[in-house]
Amino acid sequence: MTATGIITAMAMSAGDDTLLAALQRQFGHPAFRPGQRDVVEAVRSGADCVVVMPTGGGKSLCYQLPAVLDEAPTVVVSPLIALMKDQVDALLARGLAAAALHSNLDPAWQRRVEAGYAEGHVRLLYVAPERLTRPDLRALLLARRPRRIVVDEAHCISEWGHDFRRDYLRIGDVADALRPVQLVACTATATPTVRDDIAARLGMRTPQVFVHGFARPSLFLAVERVRDEAEKLARLDDLINPGDGHAIVYAGTRARAASVAERLGRRGPAMLYHADIGPAERARAQERFAAGEVRVAVATSAFGMGVDVATVRQVVHLALPASFEEYYQQAGRAGRDGLPARCVVIYGPGDRRLPEFFIEAAHPDARVLAGVVRSLRNQGADPGAWRLVQARHPSVAGLSDAAGDAAREILRDAQVIDTDGQIVDVDADRLPVDHGRIAAHRRVAYERFARLVDYLGATRCRHRAILDHFGETGGGDRCGDACDVCAPSSRVSQATADAVVVRKALSAVARLNGRFGLTRVAAVLAGSRRRAVADMPGLSDLPTFAALGEWREADVVELLRALVDAGAIRQGPPPMPTVSLTPLGLEAMRGELELSVPDPRAA
């Protein structure tokens, strides 16, 4: 079979000179979505562009339509094979000339794709970022130069973003070698800071920036606070009802996803999805979900990218994502058909610990890095995964797989682990690693997570909070009835704490003034005689000692957590998250305003 035979060629007639006609003929859409036409026109003009639209917002068409109208090809850098396959299959089904190069193709097929590109039969070529270092691909692109390079999931190039991938850093070098070439960066989750970083790292020249589509009033956004795991699971049972659509439940860890999938599976087919499941099984699971054979997916964050199912009616978070960006990317998978859908976060005491654990694991300190070097040196080589390391050094005996893998990635970047997986001769206590930069990344990660926590405790419209976070202008201060803040009748009614109680709690925080964490403040308010309080000079002499002495200490902790959610108390980053008052909390303590927070003692 010839390259022309395996890749559908497309012919455009000279008379088809309007974008709308091309949109209708080639893609079958009657009209552009809001914001799409402006982006398509900018891409057609040859300008470098940064395009930020949420999941399901129509980013792909913004470069696919110009590509089918051009003579020169477009190269699309995409991080996921499943995503490439879905897009190429959809384009081929419409008779458009597309192909992909990735590691799952056999060598003979790869040669056919390369020949099809070289001979001019491919208008859209999808490639993985790690493939950009291969001399054969660079030679192919130099021989037939693309008109533009499209970087999908472009936030992955920013080390200040929520999903940094080092392979993306190579894209700028490839673009330099192919100049003049247009650059188009597309992402669903880029804040203004990340957008600037994307443009700089790609070497864009006065890019046009488009931010659109984050206003999705068809999504009902809600946050529900529960007391414990039992209440959380009971609430999940009440919520899950995909009807004629689908539901996705994000469970945080593989073990928890398995247990929740088993629980929901007693009511009907439920699919389990996480990174430990083999590639073939994951692909089959996605196909079953898309086909409607199973309508409930219980998963970790590994599920979603490349999953284009328009009829997801519910997205439920049982665990907190690590950032606002990650949350909205996952929640945005609901209602892609424009019909109503519901996105609910159910969280309770201790749910912050898992994201904070992952943040710490991803940013190891000097002690951990030194221990990993010693352990790998005992092993003799880097075996490919931390869980495979048997001869662990005592200082890292309890190191998690996530932390061990993150440390090895840093050591490879620092060339402490060479290309053959060997540990170079280096002093483990004086590694050529920029610890200050790691600390800066850790701080930014905690700041991203803090913005998500602020969202959870928001007392203003959740849709407005999303628009503000991503920098999209327009829209009002309230959504009407599309979130639990603006439609309070949708909330579960709960008694609120007395204003005097709130002021007492805030006064204790103010007097301890950032010296202690939330549980120690709660112990003071409850009048605890535990050693942690009794042995600390002056705590039992404070005017606020035992100010809530009639309360259970656990309930005081929950009251303080509610005040954190309400924005009255600020928690610092681990490992010692001390608490202090915010300006809002100071006003409430003085009686200048009254906060409405749940009374944790209410049934």
# chains A, B, ... in the order shown; residues from 1 in each chain; ligands from 1
$ select_by_dssp --residues "segment 110-140 of chain A" --states "helix (DSSP H, G or I)" --output "NGL selection string"
:A and (110-118 or 129-133 or 135-140)
$ residues_around --residues "Ala361 of chain A" --least-positions-apart "6" --cutoff "10 Å" --atoms "only C-alpha atoms" --output "number ranges by chain"
A: 355, 368, 399-407, 442
$ write_last_selection --atoms "all heavy atoms" --output "PDB file, in the first residue's frame"
ATOM      1  N   PRO A 355      -2.477  16.075  48.795  1.00  0.00           N
ATOM      2  CA  PRO A 355      -1.783  16.982  47.872  1.00  0.00           C
ATOM      3  C   PRO A 355      -0.474  17.508  48.451  1.00  0.00           C
ATOM      4  O   PRO A 355       0.519  17.655  47.722  1.00  0.00           O
ATOM      5  CB  PRO A 355      -2.789  18.119  47.660  1.00  0.00           C
ATOM      6  CG  PRO A 355      -4.108  17.546  48.010  1.00  0.00           C
ATOM      7  CD  PRO A 355      -3.852  16.546  49.083  1.00  0.00           C
ATOM      8  N   VAL A 368      17.438  13.992  51.136  1.00  0.00           N
ATOM      9  CA  VAL A 368      16.819  12.925  50.355  1.00  0.00           C
ATOM     10  C   VAL A 368      17.647  12.628  49.105  1.00  0.00           C
ATOM     11  O   VAL A 368      17.901  11.461  48.770  1.00  0.00           O
ATOM     12  CB  VAL A 368      15.376  13.309  49.972  1.00  0.00           C
ATOM     13  CG1 VAL A 368      14.814  12.344  48.932  1.00  0.00           C
ATOM     14  CG2 VAL A 368      14.488  13.320  51.207  1.00  0.00           C
ATOM     15  N   LEU A 399      11.313   6.020  51.935  1.00  0.00           N
ATOM     16  CA  LEU A 399      10.986   6.990  50.892  1.00  0.00           C
ATOM     17  C   LEU A 399       9.929   6.423  49.946  1.00  0.00           C
ATOM     18  O   LEU A 399      10.043   5.293  49.481  1.00  0.00           O
ATOM     19  CB  LEU A 399      12.239   7.361  50.103  1.00  0.00           C
ATOM     20  CG  LEU A 399      12.146   8.604  49.212  1.00  0.00           C
ATOM     21  CD1 LEU A 399      11.966   9.850  50.054  1.00  0.00           C
ATOM     22  CD2 LEU A 399      13.400   8.736  48.352  1.00  0.00           C
ATOM     23  N   SER A 400       8.918   7.204  49.663  1.00  0.00           N
ATOM     24  CA  SER A 400       7.842   6.748  48.781  1.00  0.00           C
ATOM     25  C   SER A 400       8.342   6.626  47.345  1.00  0.00           C
ATOM     26  O   SER A 400       9.358   7.216  46.965  1.00  0.00           O
ATOM     27  CB  SER A 400       6.680   7.735  48.821  1.00  0.00           C
ATOM     28  OG  SER A 400       7.036   8.961  48.202  1.00  0.00           O
ATOM     29  N   ASP A 401       7.570   5.868  46.545  1.00  0.00           N
ATOM     30  CA  ASP A 401       7.916   5.737  45.134  1.00  0.00           C
ATOM     31  C   ASP A 401       7.891   7.088  44.436  1.00  0.00           C
ATOM     32  O   ASP A 401       8.753   7.384  43.607  1.00  0.00           O
ATOM     33  CB  ASP A 401       6.939   4.782  44.444  1.00  0.00           C
ATOM     34  CG  ASP A 401       7.129   3.338  44.890  1.00  0.00           C
ATOM     35  OD1 ASP A 401       8.231   3.012  45.344  1.00  0.00           O
ATOM     36  OD2 ASP A 401       6.170   2.552  44.779  1.00  0.00           O
ATOM     37  N   ALA A 402       6.893   7.917  44.765  1.00  0.00           N
ATOM     38  CA  ALA A 402       6.786   9.229  44.116  1.00  0.00           C
ATOM     39  C   ALA A 402       8.000  10.092  44.418  1.00  0.00           C
ATOM     40  O   ALA A 402       8.560  10.742  43.525  1.00  0.00           O
ATOM     41  CB  ALA A 402       5.510   9.938  44.580  1.00  0.00           C
ATOM     42  N   ALA A 403       8.444  10.088  45.682  1.00  0.00           N
ATOM     43  CA  ALA A 403       9.602  10.902  46.062  1.00  0.00           C
ATOM     44  C   ALA A 403      10.882  10.346  45.452  1.00  0.00           C
ATOM     45  O   ALA A 403      11.748  11.105  44.988  1.00  0.00           O
ATOM     46  CB  ALA A 403       9.715  10.953  47.582  1.00  0.00           C
ATOM     47  N   GLY A 404      11.021   9.018  45.466  1.00  0.00           N
ATOM     48  CA  GLY A 404      12.216   8.414  44.875  1.00  0.00           C
ATOM     49  C   GLY A 404      12.326   8.683  43.396  1.00  0.00           C
ATOM     50  O   GLY A 404      13.404   9.004  42.876  1.00  0.00           O
ATOM     51  N   ASP A 405      11.201   8.584  42.676  1.00  0.00           N
ATOM     52  CA  ASP A 405      11.217   8.840  41.239  1.00  0.00           C
ATOM     53  C   ASP A 405      11.506  10.312  40.942  1.00  0.00           C
ATOM     54  O   ASP A 405      12.225  10.631  39.994  1.00  0.00           O
ATOM     55  CB  ASP A 405       9.884   8.437  40.620  1.00  0.00           C
ATOM     56  CG  ASP A 405       9.702   6.924  40.564  1.00  0.00           C
ATOM     57  OD1 ASP A 405      10.721   6.205  40.651  1.00  0.00           O
ATOM     58  OD2 ASP A 405       8.559   6.465  40.446  1.00  0.00           O
ATOM     59  N   ALA A 406      10.954  11.217  41.747  1.00  0.00           N
ATOM     60  CA  ALA A 406      11.219  12.647  41.545  1.00  0.00           C
ATOM     61  C   ALA A 406      12.697  12.955  41.774  1.00  0.00           C
ATOM     62  O   ALA A 406      13.305  13.719  41.025  1.00  0.00           O
ATOM     63  CB  ALA A 406      10.355  13.478  42.492  1.00  0.00           C
ATOM     64  N   ALA A 407      13.281  12.344  42.808  1.00  0.00           N
ATOM     65  CA  ALA A 407      14.698  12.560  43.086  1.00  0.00           C
ATOM     66  C   ALA A 407      15.566  12.072  41.933  1.00  0.00           C
ATOM     67  O   ALA A 407      16.529  12.739  41.531  1.00  0.00           O
ATOM     68  CB  ALA A 407      15.084  11.843  44.386  1.00  0.00           C
ATOM     69  N   ARG A 442       8.885  24.356  44.998  1.00  0.00           N
ATOM     70  CA  ARG A 442       8.038  23.852  46.084  1.00  0.00           C
ATOM     71  C   ARG A 442       7.125  24.971  46.587  1.00  0.00           C
ATOM     72  O   ARG A 442       5.924  24.761  46.796  1.00  0.00           O
ATOM     73  CB  ARG A 442       8.897  23.319  47.225  1.00  0.00           C
ATOM     74  CG  ARG A 442       8.080  22.687  48.360  1.00  0.00           C
ATOM     75  CD  ARG A 442       8.931  22.394  49.579  1.00  0.00           C
ATOM     76  NE  ARG A 442      10.015  21.474  49.316  1.00  0.00           N
ATOM     77  CZ  ARG A 442      11.312  21.791  49.332  1.00  0.00           C
ATOM     78  NH1 ARG A 442      11.679  23.040  49.639  1.00  0.00           N
ATOM     79  NH2 ARG A 442      12.232  20.899  49.072  1.00  0.00           N
TER      80      ARG A 442
END
$ residues_around --residues "Arg145 of chain A" --least-positions-apart "2" --cutoff "12 Å" --atoms "only C-alpha atoms" --output "list in words"
Glu71, Ala72, Pro73, Thr74, Val75, Tyr117, Ala118, Glu119, Gly120, Arg123, Leu125, Leu137, Arg138, Ala139, Leu140, Leu141, Leu142, Ala143, Arg147, Arg148, Ile149, Val174, Ala175, Ala177, Leu178, Arg179, Pro180, Val181 and Gln182 of chain A
$ write_last_selection --atoms "N, CA and C atoms" --output "PDB file, in the first residue's frame"
ATOM      1  N   GLU A  71      -1.112  24.944   2.135  1.00  0.00           N
ATOM      2  CA  GLU A  71      -0.330  24.001   1.322  1.00  0.00           C
ATOM      3  C   GLU A  71       0.758  23.354   2.159  1.00  0.00           C
ATOM      4  N   ALA A  72       1.439  24.159   2.979  1.00  0.00           N
ATOM      5  CA  ALA A  72       2.513  23.622   3.823  1.00  0.00           C
ATOM      6  C   ALA A  72       1.897  22.900   5.029  1.00  0.00           C
ATOM      7  N   PRO A  73       2.608  21.897   5.555  1.00  0.00           N
ATOM      8  CA  PRO A  73       2.039  21.104   6.654  1.00  0.00           C
ATOM      9  C   PRO A  73       2.102  21.808   8.000  1.00  0.00           C
ATOM     10  N   THR A  74       1.314  21.291   8.923  1.00  0.00           N
ATOM     11  CA  THR A  74       1.328  21.702  10.327  1.00  0.00           C
ATOM     12  C   THR A  74       1.787  20.528  11.164  1.00  0.00           C
ATOM     13  N   VAL A  75       2.732  20.774  12.081  1.00  0.00           N
ATOM     14  CA  VAL A  75       3.203  19.746  13.010  1.00  0.00           C
ATOM     15  C   VAL A  75       2.604  20.047  14.375  1.00  0.00           C
ATOM     16  N   TYR A 117       4.466  12.055   4.668  1.00  0.00           N
ATOM     17  CA  TYR A 117       4.769  13.449   5.004  1.00  0.00           C
ATOM     18  C   TYR A 117       5.743  14.037   3.991  1.00  0.00           C
ATOM     19  N   ALA A 118       6.799  13.307   3.693  1.00  0.00           N
ATOM     20  CA  ALA A 118       7.828  13.818   2.780  1.00  0.00           C
ATOM     21  C   ALA A 118       7.268  14.088   1.388  1.00  0.00           C
ATOM     22  N   GLU A 119       6.292  13.266   0.970  1.00  0.00           N
ATOM     23  CA  GLU A 119       5.729  13.402  -0.370  1.00  0.00           C
ATOM     24  C   GLU A 119       4.583  14.421  -0.435  1.00  0.00           C
ATOM     25  N   GLY A 120       4.234  15.002   0.692  1.00  0.00           N
ATOM     26  CA  GLY A 120       3.220  16.040   0.698  1.00  0.00           C
ATOM     27  C   GLY A 120       1.808  15.565   0.856  1.00  0.00           C
ATOM     28  N   ARG A 123      -1.173  16.809   5.851  1.00  0.00           N
ATOM     29  CA  ARG A 123      -1.291  18.223   6.218  1.00  0.00           C
ATOM     30  C   ARG A 123      -1.066  18.424   7.722  1.00  0.00           C
ATOM     31  N   LEU A 125       0.643  16.548  11.021  1.00  0.00           N
ATOM     32  CA  LEU A 125       1.474  15.467  11.554  1.00  0.00           C
ATOM     33  C   LEU A 125       1.589  15.632  13.065  1.00  0.00           C
ATOM     34  N   LEU A 137      13.655  12.587  12.735  1.00  0.00           N
ATOM     35  CA  LEU A 137      12.513  13.488  12.663  1.00  0.00           C
ATOM     36  C   LEU A 137      12.957  14.889  12.280  1.00  0.00           C
ATOM     37  N   ARG A 138      14.048  15.349  12.862  1.00  0.00           N
ATOM     38  CA  ARG A 138      14.526  16.695  12.509  1.00  0.00           C
ATOM     39  C   ARG A 138      14.867  16.769  11.023  1.00  0.00           C
ATOM     40  N   ALA A 139      15.496  15.705  10.506  1.00  0.00           N
ATOM     41  CA  ALA A 139      15.830  15.686   9.075  1.00  0.00           C
ATOM     42  C   ALA A 139      14.561  15.721   8.226  1.00  0.00           C
ATOM     43  N   LEU A 140      13.531  14.999   8.661  1.00  0.00           N
ATOM     44  CA  LEU A 140      12.273  14.979   7.930  1.00  0.00           C
ATOM     45  C   LEU A 140      11.651  16.372   7.889  1.00  0.00           C
ATOM     46  N   LEU A 141      11.670  17.074   9.028  1.00  0.00           N
ATOM     47  CA  LEU A 141      11.069  18.406   9.088  1.00  0.00           C
ATOM     48  C   LEU A 141      11.898  19.443   8.341  1.00  0.00           C
ATOM     49  N   LEU A 142      13.203  19.267   8.318  1.00  0.00           N
ATOM     50  CA  LEU A 142      14.049  20.193   7.560  1.00  0.00           C
ATOM     51  C   LEU A 142      13.871  19.992   6.060  1.00  0.00           C
ATOM     52  N   ALA A 143      13.604  18.738   5.657  1.00  0.00           N
ATOM     53  CA  ALA A 143      13.416  18.452   4.234  1.00  0.00           C
ATOM     54  C   ALA A 143      12.082  18.997   3.725  1.00  0.00           C
ATOM     55  N   ARG A 147       4.664  24.813   7.998  1.00  0.00           N
ATOM     56  CA  ARG A 147       4.285  26.229   8.087  1.00  0.00           C
ATOM     57  C   ARG A 147       4.218  26.648   9.543  1.00  0.00           C
ATOM     58  N   ARG A 148       3.726  25.730  10.404  1.00  0.00           N
ATOM     59  CA  ARG A 148       3.583  26.082  11.823  1.00  0.00           C
ATOM     60  C   ARG A 148       3.826  24.860  12.689  1.00  0.00           C
ATOM     61  N   ILE A 149       4.237  25.127  13.915  1.00  0.00           N
ATOM     62  CA  ILE A 149       4.307  24.109  14.962  1.00  0.00           C
ATOM     63  C   ILE A 149       3.253  24.465  16.004  1.00  0.00           C
ATOM     64  N   VAL A 174      13.868  23.085  18.363  1.00  0.00           N
ATOM     65  CA  VAL A 174      13.383  22.623  17.056  1.00  0.00           C
ATOM     66  C   VAL A 174      12.814  23.797  16.265  1.00  0.00           C
ATOM     67  N   ALA A 175      12.055  24.647  16.932  1.00  0.00           N
ATOM     68  CA  ALA A 175      11.480  25.806  16.254  1.00  0.00           C
ATOM     69  C   ALA A 175      12.574  26.735  15.718  1.00  0.00           C
ATOM     70  N   ALA A 177      15.513  25.887  14.716  1.00  0.00           N
ATOM     71  CA  ALA A 177      16.125  25.262  13.541  1.00  0.00           C
ATOM     72  C   ALA A 177      15.233  25.370  12.310  1.00  0.00           C
ATOM     73  N   LEU A 178      13.937  25.565  12.503  1.00  0.00           N
ATOM     74  CA  LEU A 178      12.995  25.593  11.382  1.00  0.00           C
ATOM     75  C   LEU A 178      12.521  27.004  11.041  1.00  0.00           C
ATOM     76  N   ARG A 179      13.125  28.030  11.646  1.00  0.00           N
ATOM     77  CA  ARG A 179      12.689  29.396  11.380  1.00  0.00           C
ATOM     78  C   ARG A 179      12.911  29.751   9.909  1.00  0.00           C
ATOM     79  N   PRO A 180      11.970  30.546   9.344  1.00  0.00           N
ATOM     80  CA  PRO A 180      10.799  31.114  10.024  1.00  0.00           C
ATOM     81  C   PRO A 180       9.656  30.088  10.088  1.00  0.00           C
ATOM     82  N   VAL A 181       9.154  29.841  11.267  1.00  0.00           N
ATOM     83  CA  VAL A 181       8.020  28.942  11.452  1.00  0.00           C
ATOM     84  C   VAL A 181       7.080  29.578  12.476  1.00  0.00           C
ATOM     85  N   GLN A 182       5.802  29.478  12.206  1.00  0.00           N
ATOM     86  CA  GLN A 182       4.805  30.018  13.128  1.00  0.00           C
ATOM     87  C   GLN A 182       4.654  29.080  14.325  1.00  0.00           C
TER      88      GLN A 182
END
$ residues_around --residues "Val345 of chain A" --least-positions-apart "5" --cutoff "6 Å" --atoms "only C-alpha atoms" --output "PyMOL selection string"
chain A and resi 223+316-317
$ closest_residue --among "A:Gly172, A:Gly203, A:Gly475, A:Gly457" --to "Thr133 of chain A" --atoms "only C-alpha atoms"
A:Gly172
$ closest_residue --among "A:Val500, A:Val211, A:Ala22, A:Ala188" --to "Gly35 of chain A" --atoms "only C-alpha atoms"
A:Val211
$ atom_distance --atom1 "atom CA of Glu325 of chain A" --atom2 "atom CA of Thr189 of chain A"
5.3 Å
